[in-house]
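Structure, as structure tokens:
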Amino acid sequence: MKKVLFVINPIAGGEKKDIFLSKLEAFADENELDYQIYKTTGKDDEQHVHKIIVEDKPEIAVAIGGDGTLLMVARCILHTNAKLGIIPFGSANGMATELQIPTDKEEALKLILEGKEVLIDTLLIDGKHTCLHIGDVGFNAKVIKRFEEDKTRGLLSYAKNFFREWKFSQRMKCILTTENGVRKIKCHMIAFANARKYGTGAVLNPIGKLDDGFFELCILKTISFKVLLLLILTFFTGALYKTRFAKIIQCKEARIKLKRNRKMLVQVDGEIIGEQNSVKIEIVPKSLRIIVPAVSSSSFLDYLVAKIEYEKG
């Protein structure tokens, strides 16, 4: 009998979960699962989930919610034999989009038992924060902070806050250190990306691969009206990085530091972790087991072409 822990965020995505919970219980009984359901409350959830995992040792821990719920459950099973399942219920669902987890909740539920296990890398931020997907400093982090403070949700709300921040955005003066050297740059944003896509489907990092032992620094040098048009036109391809407005640096370790002790806003997988003068990012290879579709429509050819283009410079 397979032992499964379901961790559900009752308020994720603004959807009620009562109907889904009934289907979840029927699914678990039908498949003779030894299961437990934990509903998050917003108070000490990670400690409670971690305690359950240590004591009960489930084979699968399923995150039912958005990227925040997913990240919390993932932190609890890092470097263990437990596998992470995903049922997307959030506003963006970045990691679910990356892994092509079905948006249909019942199909995602079936995947828990029918999918395949893969071992992926994670990122360690400042020696204490885990990042599964994408984090960044600068422009997008400020947009996310505005979005968090907004009473409305969804893509339109994000777009509204994007353009509000664009009006006031200024370039940062950074010192960027990787294993390949030190460089000084001016930019509006630096993303540290373990994956390829944002939850919207926009390709941020065309050479991203979750299990290659590297992450990418995606640098947006400027945000002009022309760049915004290019962002829209290259939404699903990531071809912006073939222009002079952006750059990708592949590495295993990096430090981003602002000049003159100024501070930058830092976000990790959609959550603001604070304002600071510098941030350190390290790859943690093969540290998380995760369940994905057995047959993926993700194009390895697209990745290979992007990788060749990157290596050609």
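Chain identifiers are assigned as A, B, and so on, following the order in which chains appear in the structure tokens; residues are numbered from 1 within each chain, and ligands are numbered from 1 in order of appearance.
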
Inset, instruction - Name the residues of segment 7-110 of chain A that come out as strand (DSSP E) in a backbone DSSP run; write them as a PyMOL selection string. - result: chain A and resi 7-8+34-39+60-65+83-88

For the selection you just gave me, I'd like the residues written to a file as a compact mmCIF listing (two decimals), in the first residue's frame, keeping N, CA and C atoms.
# COMPACT_ATOMS: atom_id res chain seq x y z
N VAL A 7 -0.66 17.74 0.74
CA VAL A 7 -0.60 19.04 1.41
C VAL A 7 -1.37 20.04 0.57
N ILE A 8 -2.48 20.53 1.11
CA ILE A 8 -3.37 21.38 0.32
C ILE A 8 -3.47 22.78 0.92
N ASP A 34 -2.50 4.58 1.40
CA ASP A 34 -2.40 4.91 2.82
C ASP A 34 -2.09 6.40 2.86
N TYR A 35 -3.12 7.22 3.04
CA TYR A 35 -2.93 8.65 2.81
C TYR A 35 -3.31 9.52 4.00
N GLN A 36 -2.77 10.72 3.99
CA GLN A 36 -3.06 11.72 5.00
C GLN A 36 -3.21 13.06 4.29
N ILE A 37 -4.15 13.89 4.72
CA ILE A 37 -4.35 15.22 4.13
C ILE A 37 -4.01 16.27 5.17
N TYR A 38 -3.11 17.16 4.80
CA TYR A 38 -2.76 18.28 5.68
C TYR A 38 -3.20 19.58 5.00
N LYS A 39 -4.04 20.36 5.68
CA LYS A 39 -4.49 21.65 5.16
C LYS A 39 -3.65 22.76 5.79
N ILE A 60 5.35 9.56 -1.28
CA ILE A 60 5.04 10.70 -2.13
C ILE A 60 4.45 11.82 -1.28
N ALA A 61 4.93 13.04 -1.49
CA ALA A 61 4.33 14.23 -0.86
C ALA A 61 3.78 15.09 -1.98
N VAL A 62 2.49 15.34 -1.95
CA VAL A 62 1.82 16.04 -3.05
C VAL A 62 1.47 17.47 -2.63
N ALA A 63 1.95 18.44 -3.40
CA ALA A 63 1.65 19.85 -3.15
C ALA A 63 0.42 20.24 -3.96
N ILE A 64 -0.64 20.66 -3.29
CA ILE A 64 -1.87 21.06 -3.94
C ILE A 64 -2.06 22.55 -3.66
N GLY A 65 -1.67 23.38 -4.62
CA GLY A 65 -1.69 24.83 -4.43
C GLY A 65 -0.86 25.50 -5.49
N LYS A 83 9.13 11.41 -3.09
CA LYS A 83 8.92 12.06 -4.39
C LYS A 83 7.87 13.17 -4.26
N LEU A 84 8.06 14.22 -5.03
CA LEU A 84 7.16 15.36 -5.01
C LEU A 84 6.14 15.25 -6.13
N GLY A 85 4.86 15.30 -5.77
CA GLY A 85 3.79 15.36 -6.75
C GLY A 85 3.21 16.76 -6.78
N ILE A 86 2.63 17.15 -7.92
CA ILE A 86 2.13 18.52 -8.07
C ILE A 86 0.71 18.49 -8.63
N ILE A 87 -0.19 19.19 -7.94
CA ILE A 87 -1.52 19.46 -8.48
C ILE A 87 -1.69 20.98 -8.45
N PRO A 88 -1.60 21.64 -9.61
CA PRO A 88 -1.55 23.11 -9.64
C PRO A 88 -2.88 23.77 -9.35

Inset, instruction - Please provide the set of residues having any atom within 12 Å of Lys43 of chain A, restricted to only C-alpha atoms, with same-chain residues fewer than 5 positions apart removed, written as a PyMOL selection string. - result: chain A and resi 9+48-49

Could you write out that same residue set with N, CA, C and O atoms as an mmCIF file, in the first residue's frame?
data_model
loop_
_atom_site.group_PDB
_atom_site.id
_atom_site.type_symbol
_atom_site.label_atom_id
_atom_site.label_comp_id
_atom_site.auth_asym_id
_atom_site.auth_seq_id
_atom_site.Cartn_x
_atom_site.Cartn_y
_atom_site.Cartn_z
ATOM 1 N N ASN A 9 -3.358 23.769 0.070
ATOM 2 C CA ASN A 9 -3.561 25.163 0.471
ATOM 3 C C ASN A 9 -5.017 25.523 0.149
ATOM 4 O O ASN A 9 -5.370 25.684 -1.023
ATOM 5 N N HIS A 48 5.132 21.671 10.585
ATOM 6 C CA HIS A 48 4.175 20.576 10.724
ATOM 7 C C HIS A 48 4.361 19.536 9.614
ATOM 8 O O HIS A 48 4.342 18.324 9.879
ATOM 9 N N VAL A 49 4.521 20.012 8.379
ATOM 10 C CA VAL A 49 4.704 19.090 7.249
ATOM 11 C C VAL A 49 6.006 18.309 7.404
ATOM 12 O O VAL A 49 6.054 17.085 7.170
#

Inset, instruction - Find the spatial neighbours of Ile120 of chain A, counting only C-alpha atoms, within a cut-off of 8 Å - ignore same-chain residues fewer than 2 positions away - and output them as a PyMOL selection string. - result: chain A and resi 118+122+210-211+285-290

Selection to disk with N, CA, C and O atoms, as a JSON list (two decimals), in the first residue's frame:
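Saved as result_35.json:
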[["chain", "number", "residue", "atom", "x", "y", "z"],
["A", 118, "VAL", "N", 11.80, 11.83, -11.79],
["A", 118, "VAL", "CA", 13.06, 12.39, -12.27],
["A", 118, "VAL", "C", 13.75, 13.06, -11.07],
["A", 118, "VAL", "O", 13.11, 13.47, -10.11],
["A", 122, "THR", "N", 18.36, 21.85, -7.63],
["A", 122, "THR", "CA", 17.72, 23.01, -7.00],
["A", 122, "THR", "C", 18.79, 24.08, -6.81],
["A", 122, "THR", "O", 19.98, 23.84, -7.02],
["A", 210, "LEU", "N", 16.61, 21.41, -16.04],
["A", 210, "LEU", "CA", 16.49, 21.22, -14.59],
["A", 210, "LEU", "C", 17.48, 20.23, -14.00],
["A", 210, "LEU", "O", 17.63, 20.15, -12.78],
["A", 211, "ASP", "N", 18.16, 19.47, -14.85],
["A", 211, "ASP", "CA", 19.03, 18.42, -14.31],
["A", 211, "ASP", "C", 20.43, 18.42, -14.93],
["A", 211, "ASP", "O", 21.10, 17.39, -14.98],
["A", 285, "PRO", "N", 23.09, 19.98, -7.18],
["A", 285, "PRO", "CA", 22.72, 18.97, -8.19],
["A", 285, "PRO", "C", 21.91, 17.81, -7.62],
["A", 285, "PRO", "O", 22.12, 17.37, -6.47],
["A", 286, "LYS", "N", 20.95, 17.33, -8.44],
["A", 286, "LYS", "CA", 20.21, 16.09, -8.17],
["A", 286, "LYS", "C", 19.70, 16.01, -6.73],
["A", 286, "LYS", "O", 19.93, 15.03, -6.02],
["A", 287, "SER", "N", 19.00, 17.03, -6.29],
["A", 287, "SER", "CA", 18.62, 17.10, -4.88],
["A", 287, "SER", "C", 17.13, 16.90, -4.62],
["A", 287, "SER", "O", 16.71, 16.85, -3.46],
["A", 288, "LEU", "N", 16.32, 16.79, -5.66],
["A", 288, "LEU", "CA", 14.87, 16.66, -5.47],
["A", 288, "LEU", "C", 14.28, 15.65, -6.44],
["A", 288, "LEU", "O", 14.48, 15.75, -7.66],
["A", 289, "ARG", "N", 13.53, 14.69, -5.90],
["A", 289, "ARG", "CA", 12.80, 13.72, -6.72],
["A", 289, "ARG", "C", 11.41, 14.27, -7.00],
["A", 289, "ARG", "O", 10.72, 14.73, -6.09],
["A", 290, "ILE", "N", 11.00, 14.20, -8.26],
["A", 290, "ILE", "CA", 9.73, 14.83, -8.63],
["A", 290, "ILE", "C", 9.02, 13.97, -9.67],
["A", 290, "ILE", "O", 9.67, 13.29, -10.49]]

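When atom CA of Leu24 of chain A is paired with atom CA of Phe6 of chain A, their separation reads 9.2 Å.
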
Inset, instruction - Go through A:Ile291, A:Met95, A:Ile219, A:Val73 one by one, measure the shortest atom-to-atom distance of each to Ile134 of chain A using only C-alpha atoms, and give the residue with the smallest value. - result: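 Of all the options, A:Met95 lies closest to Ile134 of chain A.
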
Legend entry - Separation of atom CA of Gly127 of chain A from atom CA of Glu282 of chain A, in Å and rounded to one decimal: 8.2 Å

Inset, instruction - Would you mind reading off the distance between atom CA of Glu55 of chain A and atom CA of Thr40 of chain A, one decimal, in Å? - result: 18.3 Å

Legend entry - Close residues, Gly94 of chain A itself excluded, 8 Å, only C-alpha atoms, min 2 positions apart in chain, as a ChimeraX atom specification: /A:67,92,96-98,133,197-200,269

Legend entry - Top pick for closest residue to Ile207 of chain A, considering A:His50, A:Arg164, A:Arg171, A:Lys247 and counting only C-alpha atoms: A:Lys247

Inset, instruction - For Thr222 of chain A, work out the shell of residues within 10 Å, counting only C-alpha atoms and skipping chain neighbours fewer than 6 positions away, then give it as a PyMOL selection string. - result: chain A and resi 169-172+186-189+228+244-246

Suppose we keep C-alpha atoms; can you now write the selection as a PDB file, in the first residue's frame?
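This is the output file again-v8.pdb:
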ATOM      1  CA  SER A 169      12.355  51.551 -13.067  1.00  0.00           C
ATOM      2  CA  GLN A 170      16.051  52.463 -12.901  1.00  0.00           C
ATOM      3  CA  ARG A 171      19.103  50.425 -13.807  1.00  0.00           C
ATOM      4  CA  MET A 172      21.208  48.819 -11.093  1.00  0.00           C
ATOM      5  CA  LYS A 186      24.312  47.968 -15.508  1.00  0.00           C
ATOM      6  CA  CYS A 187      20.903  46.369 -15.813  1.00  0.00           C
ATOM      7  CA  HIS A 188      17.262  46.508 -14.799  1.00  0.00           C
ATOM      8  CA  MET A 189      17.056  42.878 -13.747  1.00  0.00           C
ATOM      9  CA  LEU A 228       8.858  45.650 -24.288  1.00  0.00           C
ATOM     10  CA  ARG A 244      21.978  43.396 -27.495  1.00  0.00           C
ATOM     11  CA  PHE A 245      19.397  44.127 -24.792  1.00  0.00           C
ATOM     12  CA  ALA A 246      19.889  40.893 -22.856  1.00  0.00           C
TER      13      ALA A 246
END

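Residue neighbourhood of segment 175-185 of chain A, excluding near-sequence residues (fewer than 4 positions): Glu253, Ala254, Arg255, Ile256 and Lys257 of chain A, at 6 Å, using only C-alpha atoms.
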
Inset, instruction - Would you please give, as a ChimeraX atom specification, all residues of segment 106-250 of chain A that DSSP assigns to helix (DSSP H, G or I) based on the backbone? - result: /A:106-114,139-149,155-168,225-233,239-242

Legend entry - Residues near segment 135-137 of chain A, cut-off 9 Å, only C-alpha atoms, skip fewer than 3 positions along chain, as a VMD selection string: chain A and resid 131 to 132 140 to 142 188 to 194 217 to 218 256 264 to 271 279

Residues of the last selection are to be written out with C-alpha atoms, as an mmCIF file, in the first residue's frame.
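Once everything was written out, this is result_12.cif:
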data_model
loop_
_atom_site.group_PDB
_atom_site.id
_atom_site.type_symbol
_atom_site.label_atom_id
_atom_site.label_comp_id
_atom_site.auth_asym_id
_atom_site.auth_seq_id
_atom_site.Cartn_x
_atom_site.Cartn_y
_atom_site.Cartn_z
ATOM 1 C CA CYS A 131 14.775 27.919 -5.223
ATOM 2 C CA LEU A 132 13.231 25.335 -7.541
ATOM 3 C CA ASN A 140 10.533 41.716 -11.736
ATOM 4 C CA ALA A 141 10.988 41.390 -7.965
ATOM 5 C CA LYS A 142 9.524 44.895 -7.605
ATOM 6 C CA HIS A 188 17.262 46.508 -14.799
ATOM 7 C CA MET A 189 17.056 42.878 -13.747
ATOM 8 C CA ILE A 190 19.051 39.693 -13.182
ATOM 9 C CA ALA A 191 17.185 36.396 -12.960
ATOM 10 C CA PHE A 192 18.777 33.218 -11.634
ATOM 11 C CA ALA A 193 16.969 30.507 -13.510
ATOM 12 C CA ASN A 194 16.986 26.761 -12.929
ATOM 13 C CA LEU A 217 21.901 34.274 -15.005
ATOM 14 C CA CYS A 218 19.479 36.024 -17.366
ATOM 15 C CA ILE A 256 25.367 39.631 -7.357
ATOM 16 C CA MET A 264 17.956 45.350 -4.153
ATOM 17 C CA LEU A 265 14.702 43.473 -3.785
ATOM 18 C CA VAL A 266 15.080 39.671 -4.078
ATOM 19 C CA GLN A 267 12.332 37.196 -4.968
ATOM 20 C CA VAL A 268 12.519 33.393 -5.056
ATOM 21 C CA ASP A 269 9.840 31.347 -6.845
ATOM 22 C CA GLY A 270 7.366 34.216 -6.549
ATOM 23 C CA GLU A 271 8.048 35.014 -2.891
ATOM 24 C CA VAL A 279 22.869 37.687 -3.060
#
